[in-house]
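Presented below is the structure to which this report refers.
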Amino acid sequence: MQKSLNKFILFLVAVAVLVGVDQWSKYEAMTKLGRSDAYPLIKNVLYFWYSENAGAAFGILQGKHIFFFIITVVVLAGILYLLFKLPNDRHYLPLLFCGSLIFAGALGNFIDRVIRNYVVDFIYFKPINFPIFNFADICVTVGTFLLFLCLIFVYKENELEFYKK
(Lines give C-alpha, C1' and ligand atoms only; values in the text may rest on other atoms or scores of the structure.)
Protein backbone atom coordinates (compact mmCIF):
# COMPACT_ATOMS: atom_id res chain seq x y z
CA MET A 1 0.00 0.00 0.00
CA GLN A 2 2.82 2.44 0.88
CA LYS A 3 4.55 1.82 -2.47
CA SER A 4 1.29 2.55 -4.31
CA LEU A 5 0.91 5.80 -2.42
CA ASN A 6 4.53 6.75 -3.15
CA LYS A 7 4.05 6.01 -6.85
CA PHE A 8 0.92 8.14 -6.95
CA ILE A 9 2.55 11.02 -5.04
CA LEU A 10 5.58 10.92 -7.35
CA PHE A 11 3.26 11.04 -10.34
CA LEU A 12 1.23 13.96 -8.92
CA VAL A 13 4.33 15.98 -8.01
CA ALA A 14 5.86 15.47 -11.46
CA VAL A 15 2.61 16.44 -13.18
CA ALA A 16 2.12 19.49 -10.92
CA VAL A 17 5.65 20.76 -11.59
CA LEU A 18 5.40 20.20 -15.35
CA VAL A 19 1.94 21.79 -15.63
CA GLY A 20 3.17 24.66 -13.46
CA VAL A 21 6.12 25.29 -15.78
CA ASP A 22 3.81 25.06 -18.80
CA GLN A 23 1.23 27.49 -17.46
CA TRP A 24 3.90 29.90 -16.19
CA SER A 25 5.69 29.89 -19.57
CA LYS A 26 2.41 30.52 -21.40
CA TYR A 27 1.56 33.38 -19.03
CA GLU A 28 4.98 34.90 -19.67
CA ALA A 29 4.48 34.52 -23.42
CA MET A 30 1.08 36.22 -23.26
CA THR A 31 2.26 39.13 -21.12
CA LYS A 32 5.74 39.68 -22.56
CA LEU A 33 5.32 38.73 -26.22
CA GLY A 34 1.69 39.54 -26.87
CA ARG A 35 1.10 40.51 -30.46
CA SER A 36 4.68 41.68 -31.07
CA ASP A 37 7.04 40.33 -33.69
CA ALA A 38 9.11 37.21 -33.11
CA TYR A 39 11.88 37.60 -30.54
CA PRO A 40 15.10 35.83 -31.62
CA LEU A 41 16.83 33.67 -29.02
CA ILE A 42 19.28 32.35 -31.61
CA LYS A 43 19.00 34.35 -34.83
CA ASN A 44 17.71 32.28 -37.77
CA VAL A 45 17.30 29.25 -35.49
CA LEU A 46 15.11 29.66 -32.39
CA TYR A 47 12.49 32.34 -31.66
CA PHE A 48 9.86 33.23 -29.12
CA TRP A 49 6.80 34.02 -31.23
CA TYR A 50 3.33 34.30 -29.69
CA SER A 51 0.54 32.37 -31.38
CA GLU A 52 -3.01 31.32 -30.47
CA ASN A 53 -3.90 27.85 -31.78
CA ALA A 54 -7.55 26.78 -31.68
CA GLY A 55 -6.65 23.54 -33.44
CA ALA A 56 -4.28 20.62 -32.96
CA ALA A 57 -0.69 20.10 -34.00
CA PHE A 58 0.27 22.00 -37.16
CA GLY A 59 -2.98 23.99 -36.84
CA ILE A 60 -5.22 21.17 -38.08
CA LEU A 61 -8.81 20.72 -36.86
CA GLN A 62 -9.32 24.40 -35.99
CA GLY A 63 -12.21 25.03 -33.61
CA LYS A 64 -13.03 21.36 -32.86
CA HIS A 65 -13.26 22.02 -29.10
CA ILE A 66 -15.61 19.14 -28.21
CA PHE A 67 -13.40 16.68 -30.10
CA PHE A 68 -10.27 17.85 -28.21
CA PHE A 69 -12.14 17.74 -24.91
CA ILE A 70 -13.23 14.14 -25.44
CA ILE A 71 -9.83 12.95 -26.70
CA THR A 72 -8.00 14.61 -23.81
CA VAL A 73 -10.33 13.16 -21.17
CA VAL A 74 -9.91 9.68 -22.70
CA VAL A 75 -6.09 10.01 -22.77
CA LEU A 76 -5.93 11.32 -19.20
CA ALA A 77 -8.27 8.57 -17.96
CA GLY A 78 -6.23 5.92 -19.80
CA ILE A 79 -2.99 7.12 -18.22
CA LEU A 80 -4.58 7.14 -14.76
CA TYR A 81 -5.91 3.62 -15.31
CA LEU A 82 -2.44 2.38 -16.30
CA LEU A 83 -0.91 4.24 -13.35
CA PHE A 84 -3.10 2.30 -10.93
CA LYS A 85 -2.34 -0.97 -12.72
CA LEU A 86 1.42 -0.31 -12.91
CA PRO A 87 3.32 -2.66 -10.57
CA ASN A 88 5.02 -1.07 -7.56
CA ASP A 89 8.50 -1.89 -8.77
CA ARG A 90 11.44 0.38 -9.61
CA HIS A 91 11.66 -1.43 -12.92
CA TYR A 92 8.52 0.41 -14.05
CA LEU A 93 9.65 3.93 -13.06
CA PRO A 94 10.48 4.79 -16.70
CA LEU A 95 6.84 4.08 -17.62
CA LEU A 96 5.69 6.26 -14.72
CA PHE A 97 7.97 9.04 -15.98
CA CYS A 98 6.66 8.74 -19.56
CA GLY A 99 3.08 8.76 -18.32
CA SER A 100 3.78 11.85 -16.19
CA LEU A 101 5.18 13.74 -19.18
CA ILE A 102 2.30 12.82 -21.48
CA PHE A 103 -0.33 13.48 -18.80
CA ALA A 104 1.16 16.87 -17.88
CA GLY A 105 1.43 17.97 -21.50
CA ALA A 106 -2.13 16.93 -22.30
CA LEU A 107 -3.41 18.59 -19.12
CA GLY A 108 -1.47 21.81 -19.79
CA ASN A 109 -3.00 22.25 -23.23
CA PHE A 110 -6.40 21.11 -21.92
CA ILE A 111 -6.32 23.92 -19.34
CA ASP A 112 -5.70 26.42 -22.15
CA ARG A 113 -8.58 25.04 -24.21
CA VAL A 114 -10.99 25.21 -21.27
CA ILE A 115 -9.94 28.69 -20.08
CA ARG A 116 -9.17 30.45 -23.38
CA ASN A 117 -10.66 28.26 -26.17
CA TYR A 118 -7.18 28.13 -27.72
CA VAL A 119 -3.70 26.93 -26.84
CA VAL A 120 -0.90 29.44 -26.34
CA ASP A 121 2.13 28.55 -28.47
CA PHE A 122 5.36 30.53 -28.44
CA ILE A 123 8.44 28.50 -29.48
CA TYR A 124 9.44 28.60 -33.14
CA PHE A 125 12.27 26.56 -34.71
CA LYS A 126 13.07 28.30 -37.99
CA PRO A 127 15.55 25.99 -39.82
CA ILE A 128 12.80 23.54 -40.72
CA ASN A 129 9.94 26.05 -40.48
CA PHE A 130 8.42 23.90 -37.72
CA PRO A 131 5.00 25.04 -36.44
CA ILE A 132 5.03 27.17 -33.30
CA PHE A 133 4.72 25.01 -30.17
CA ASN A 134 4.87 25.19 -26.35
CA PHE A 135 6.24 23.42 -23.27
CA ALA A 136 3.22 21.10 -23.02
CA ASP A 137 3.82 19.96 -26.61
CA ILE A 138 7.44 19.20 -25.68
CA CYS A 139 6.25 17.12 -22.70
CA VAL A 140 3.87 15.07 -24.86
CA THR A 141 6.45 14.59 -27.61
CA VAL A 142 9.33 13.63 -25.30
CA GLY A 143 7.07 11.40 -23.19
CA THR A 144 5.75 9.59 -26.27
CA PHE A 145 9.23 9.19 -27.76
CA LEU A 146 10.64 7.81 -24.48
CA LEU A 147 7.63 5.50 -24.13
CA PHE A 148 8.31 4.18 -27.63
CA LEU A 149 11.98 3.55 -26.72
CA CYS A 150 10.97 1.80 -23.49
CA LEU A 151 8.50 -0.44 -25.26
CA ILE A 152 11.04 -1.37 -27.93
CA PHE A 153 14.25 -1.68 -25.91
CA VAL A 154 13.50 -1.96 -22.17
CA TYR A 155 10.43 -4.08 -21.56
CA LYS A 156 9.68 -7.56 -22.80
CA GLU A 157 6.15 -8.29 -23.95
CA ASN A 158 5.24 -10.39 -20.89
CA GLU A 159 6.40 -7.58 -18.53
CA LEU A 160 3.68 -5.30 -19.84
CA GLU A 161 0.69 -7.54 -19.22
CA PHE A 162 0.08 -5.98 -15.80
CA TYR A 163 -2.89 -3.99 -17.18
CA LYS A 164 -4.83 -7.22 -17.90
CA LYS A 165 -4.98 -8.24 -14.25
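In the C-alpha coordinates, the first chain shown is A, the next is B, and so on; residue numbers restart at 1 for each chain, and ligands run from 1 in the order shown.
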
A:Ile132 environment, 12 Å, only C-alpha atoms, sequence neighbours closer than 6 positions dropped, as a list in words: Ala38, Leu46, Tyr47, Phe48, Trp49, Tyr50, Ser51, Glu52, Asn53, Ala56, Ala57, Phe58, Gly59, Val119, Val120, Asp121, Phe122, Ile123, Tyr124, Phe125, Lys126 and Ile138 of chain A

Output the selection as a tab-separated table (two decimals), in the first residue's frame - N, CA and C atoms for each residue.
```tsv
chain	number	residue	atom	x	y	z
A	38	ALA	N	8.32	38.30	-33.69
A	38	ALA	CA	9.11	37.21	-33.11
A	38	ALA	C	10.36	37.78	-32.43
A	46	LEU	N	16.12	29.84	-33.43
A	46	LEU	CA	15.11	29.66	-32.39
A	46	LEU	C	14.53	31.01	-31.98
A	47	TYR	N	13.18	31.08	-31.96
A	47	TYR	CA	12.49	32.34	-31.66
A	47	TYR	C	11.39	32.11	-30.63
A	48	PHE	N	11.10	33.16	-29.86
A	48	PHE	CA	9.86	33.23	-29.12
A	48	PHE	C	8.90	34.02	-30.00
A	49	TRP	N	7.74	33.40	-30.31
A	49	TRP	CA	6.80	34.02	-31.23
A	49	TRP	C	5.39	33.62	-30.78
A	50	TYR	N	4.65	34.57	-30.26
A	50	TYR	CA	3.33	34.30	-29.69
A	50	TYR	C	2.33	33.88	-30.77
A	51	SER	N	1.56	32.84	-30.46
A	51	SER	CA	0.54	32.37	-31.38
A	51	SER	C	-0.62	31.76	-30.58
A	52	GLU	N	-1.83	31.93	-31.07
A	52	GLU	CA	-3.01	31.32	-30.47
A	52	GLU	C	-3.51	30.23	-31.42
A	53	ASN	N	-3.54	28.99	-30.94
A	53	ASN	CA	-3.90	27.85	-31.78
A	53	ASN	C	-5.20	27.23	-31.27
A	56	ALA	N	-5.23	21.61	-33.49
A	56	ALA	CA	-4.28	20.62	-32.96
A	56	ALA	C	-2.91	20.93	-33.53
A	57	ALA	N	-2.03	19.95	-33.46
A	57	ALA	CA	-0.69	20.10	-34.00
A	57	ALA	C	-0.74	20.56	-35.45
A	58	PHE	N	0.16	21.45	-35.80
A	58	PHE	CA	0.27	22.00	-37.16
A	58	PHE	C	-0.98	22.79	-37.55
A	59	GLY	N	-1.81	23.17	-36.57
A	59	GLY	CA	-2.98	23.99	-36.84
A	59	GLY	C	-4.15	23.25	-37.46
A	119	VAL	N	-4.95	27.27	-27.52
A	119	VAL	CA	-3.70	26.93	-26.84
A	119	VAL	C	-2.67	28.01	-27.17
A	120	VAL	N	-1.96	28.46	-26.15
A	120	VAL	CA	-0.90	29.44	-26.34
A	120	VAL	C	0.37	28.71	-26.78
A	121	ASP	N	0.87	29.08	-27.95
A	121	ASP	CA	2.13	28.55	-28.47
A	121	ASP	C	3.12	29.71	-28.57
A	122	PHE	N	4.41	29.42	-28.43
A	122	PHE	CA	5.36	30.53	-28.44
A	122	PHE	C	6.80	30.15	-28.80
A	123	ILE	N	7.08	28.91	-29.13
A	123	ILE	CA	8.44	28.50	-29.48
A	123	ILE	C	8.45	28.16	-30.97
A	124	TYR	N	9.37	28.80	-31.69
A	124	TYR	CA	9.44	28.60	-33.14
A	124	TYR	C	10.86	28.20	-33.52
A	125	PHE	N	10.98	27.07	-34.23
A	125	PHE	CA	12.27	26.56	-34.71
A	125	PHE	C	12.33	26.81	-36.21
A	126	LYS	N	13.09	27.81	-36.61
A	126	LYS	CA	13.07	28.30	-37.99
A	126	LYS	C	13.74	27.41	-39.03
A	138	ILE	N	6.14	19.86	-25.90
A	138	ILE	CA	7.44	19.20	-25.68
A	138	ILE	C	7.26	18.02	-24.73
```

Picked from stretch 21-102 of chain A by DSSP as strand (DSSP E), as a ChimeraX atom specification: /A:39-42,46-53

Restricting the output to N, CA, C and O atoms, write the selected residues as an mmCIF file, in the first residue's frame.
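See result28.cif below for the written result:
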```cif
data_model
loop_
_atom_site.group_PDB
_atom_site.id
_atom_site.type_symbol
_atom_site.label_atom_id
_atom_site.label_comp_id
_atom_site.auth_asym_id
_atom_site.auth_seq_id
_atom_site.Cartn_x
_atom_site.Cartn_y
_atom_site.Cartn_z
ATOM 1 N N TYR A 39 10.700 37.202 -31.290
ATOM 2 C CA TYR A 39 11.885 37.603 -30.540
ATOM 3 C C TYR A 39 12.951 36.523 -30.719
ATOM 4 O O TYR A 39 12.756 35.382 -30.291
ATOM 5 N N PRO A 40 14.075 36.860 -31.362
ATOM 6 C CA PRO A 40 15.098 35.829 -31.616
ATOM 7 C C PRO A 40 15.880 35.462 -30.359
ATOM 8 O O PRO A 40 16.387 36.331 -29.661
ATOM 9 N N LEU A 41 15.937 34.172 -30.067
ATOM 10 C CA LEU A 41 16.831 33.667 -29.015
ATOM 11 C C LEU A 41 18.179 33.332 -29.644
ATOM 12 O O LEU A 41 19.223 33.656 -29.109
ATOM 13 N N ILE A 42 18.109 32.642 -30.781
ATOM 14 C CA ILE A 42 19.277 32.353 -31.605
ATOM 15 C C ILE A 42 18.865 32.723 -33.024
ATOM 16 O O ILE A 42 18.044 32.036 -33.635
ATOM 17 N N LEU A 46 16.117 29.837 -33.429
ATOM 18 C CA LEU A 46 15.109 29.661 -32.385
ATOM 19 C C LEU A 46 14.532 31.014 -31.978
ATOM 20 O O LEU A 46 15.282 31.948 -31.672
ATOM 21 N N TYR A 47 13.182 31.084 -31.960
ATOM 22 C CA TYR A 47 12.494 32.338 -31.655
ATOM 23 C C TYR A 47 11.393 32.106 -30.631
ATOM 24 O O TYR A 47 10.819 31.025 -30.552
ATOM 25 N N PHE A 48 11.101 33.163 -29.864
ATOM 26 C CA PHE A 48 9.855 33.229 -29.121
ATOM 27 C C PHE A 48 8.899 34.015 -30.004
ATOM 28 O O PHE A 48 9.191 35.140 -30.414
ATOM 29 N N TRP A 49 7.737 33.397 -30.311
ATOM 30 C CA TRP A 49 6.799 34.017 -31.227
ATOM 31 C C TRP A 49 5.394 33.617 -30.779
ATOM 32 O O TRP A 49 4.982 32.469 -30.926
ATOM 33 N N TYR A 50 4.652 34.566 -30.258
ATOM 34 C CA TYR A 50 3.327 34.300 -29.691
ATOM 35 C C TYR A 50 2.328 33.884 -30.768
ATOM 36 O O TYR A 50 2.250 34.488 -31.836
ATOM 37 N N SER A 51 1.561 32.842 -30.463
ATOM 38 C CA SER A 51 0.535 32.366 -31.377
ATOM 39 C C SER A 51 -0.619 31.758 -30.578
ATOM 40 O O SER A 51 -0.406 31.146 -29.532
ATOM 41 N N GLU A 52 -1.826 31.925 -31.072
ATOM 42 C CA GLU A 52 -3.015 31.316 -30.470
ATOM 43 C C GLU A 52 -3.507 30.232 -31.418
ATOM 44 O O GLU A 52 -3.860 30.512 -32.560
ATOM 45 N N ASN A 53 -3.541 28.988 -30.936
ATOM 46 C CA ASN A 53 -3.896 27.853 -31.777
ATOM 47 C C ASN A 53 -5.197 27.225 -31.274
ATOM 48 O O ASN A 53 -5.229 26.607 -30.219
#
```

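When only C-alpha atoms are used to compute distances to A:Phe148, the closest of the residues A:Pro131, A:Gly20, A:Gly55, A:Gly99 turns out to be A:Gly99.
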
All residues 9 Å or closer to A:Asn117, only C-alpha atoms, same chain fewer than 3 positions away omitted, as number ranges by chain: A: 53-54, 63, 65, 112-114

Go ahead and save the picked residues with all heavy atoms, as a tab-separated table (two decimals), in the first residue's frame.
```tsv
chain	number	residue	atom	x	y	z
A	53	ASN	N	-3.54	28.99	-30.94
A	53	ASN	CA	-3.90	27.85	-31.78
A	53	ASN	C	-5.20	27.23	-31.27
A	53	ASN	O	-5.23	26.61	-30.22
A	53	ASN	CB	-2.76	26.83	-31.75
A	53	ASN	CG	-3.02	25.65	-32.66
A	53	ASN	OD1	-4.03	25.56	-33.33
A	53	ASN	ND2	-2.08	24.71	-32.66
A	54	ALA	N	-6.25	27.38	-32.04
A	54	ALA	CA	-7.55	26.78	-31.68
A	54	ALA	C	-7.69	25.38	-32.27
A	54	ALA	O	-8.75	24.76	-32.17
A	54	ALA	CB	-8.69	27.67	-32.16
A	63	GLY	N	-10.90	24.82	-34.20
A	63	GLY	CA	-12.21	25.03	-33.61
A	63	GLY	C	-12.96	23.77	-33.20
A	63	GLY	O	-14.13	23.86	-32.83
A	65	HIS	N	-13.45	22.04	-30.54
A	65	HIS	CA	-13.26	22.02	-29.10
A	65	HIS	C	-13.82	20.77	-28.43
A	65	HIS	O	-13.18	20.19	-27.55
A	65	HIS	CB	-13.87	23.27	-28.47
A	65	HIS	CG	-13.27	24.53	-28.98
A	65	HIS	ND1	-11.98	24.90	-28.70
A	65	HIS	CD2	-13.78	25.50	-29.78
A	65	HIS	CE1	-11.71	26.04	-29.30
A	65	HIS	NE2	-12.79	26.42	-29.97
A	112	ASP	N	-5.58	25.30	-21.20
A	112	ASP	CA	-5.70	26.42	-22.15
A	112	ASP	C	-7.02	26.36	-22.91
A	112	ASP	O	-7.70	27.37	-23.06
A	112	ASP	CB	-4.56	26.38	-23.18
A	112	ASP	CG	-3.28	26.99	-22.66
A	112	ASP	OD1	-3.15	27.18	-21.44
A	112	ASP	OD2	-2.39	27.26	-23.49
A	113	ARG	N	-7.36	25.18	-23.41
A	113	ARG	CA	-8.58	25.04	-24.21
A	113	ARG	C	-9.82	25.37	-23.39
A	113	ARG	O	-10.76	26.00	-23.89
A	113	ARG	CB	-8.69	23.64	-24.78
A	113	ARG	CG	-7.67	23.35	-25.84
A	113	ARG	CD	-7.88	21.95	-26.43
A	113	ARG	NE	-6.71	21.48	-27.12
A	113	ARG	CZ	-6.29	21.93	-28.30
A	113	ARG	NH1	-6.94	22.88	-28.91
A	113	ARG	NH2	-5.20	21.43	-28.85
A	114	VAL	N	-9.83	24.96	-22.13
A	114	VAL	CA	-10.99	25.21	-21.27
A	114	VAL	C	-11.07	26.70	-20.90
A	114	VAL	O	-12.14	27.31	-20.97
A	114	VAL	CB	-10.93	24.33	-19.99
A	114	VAL	CG1	-11.95	24.78	-18.96
A	114	VAL	CG2	-11.13	22.87	-20.35
```

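When only C-alpha atoms are used to compute distances to A:Leu83, the closest of the residues A:Leu12, A:Asp37, A:Lys156, A:Thr144 turns out to be A:Leu12.
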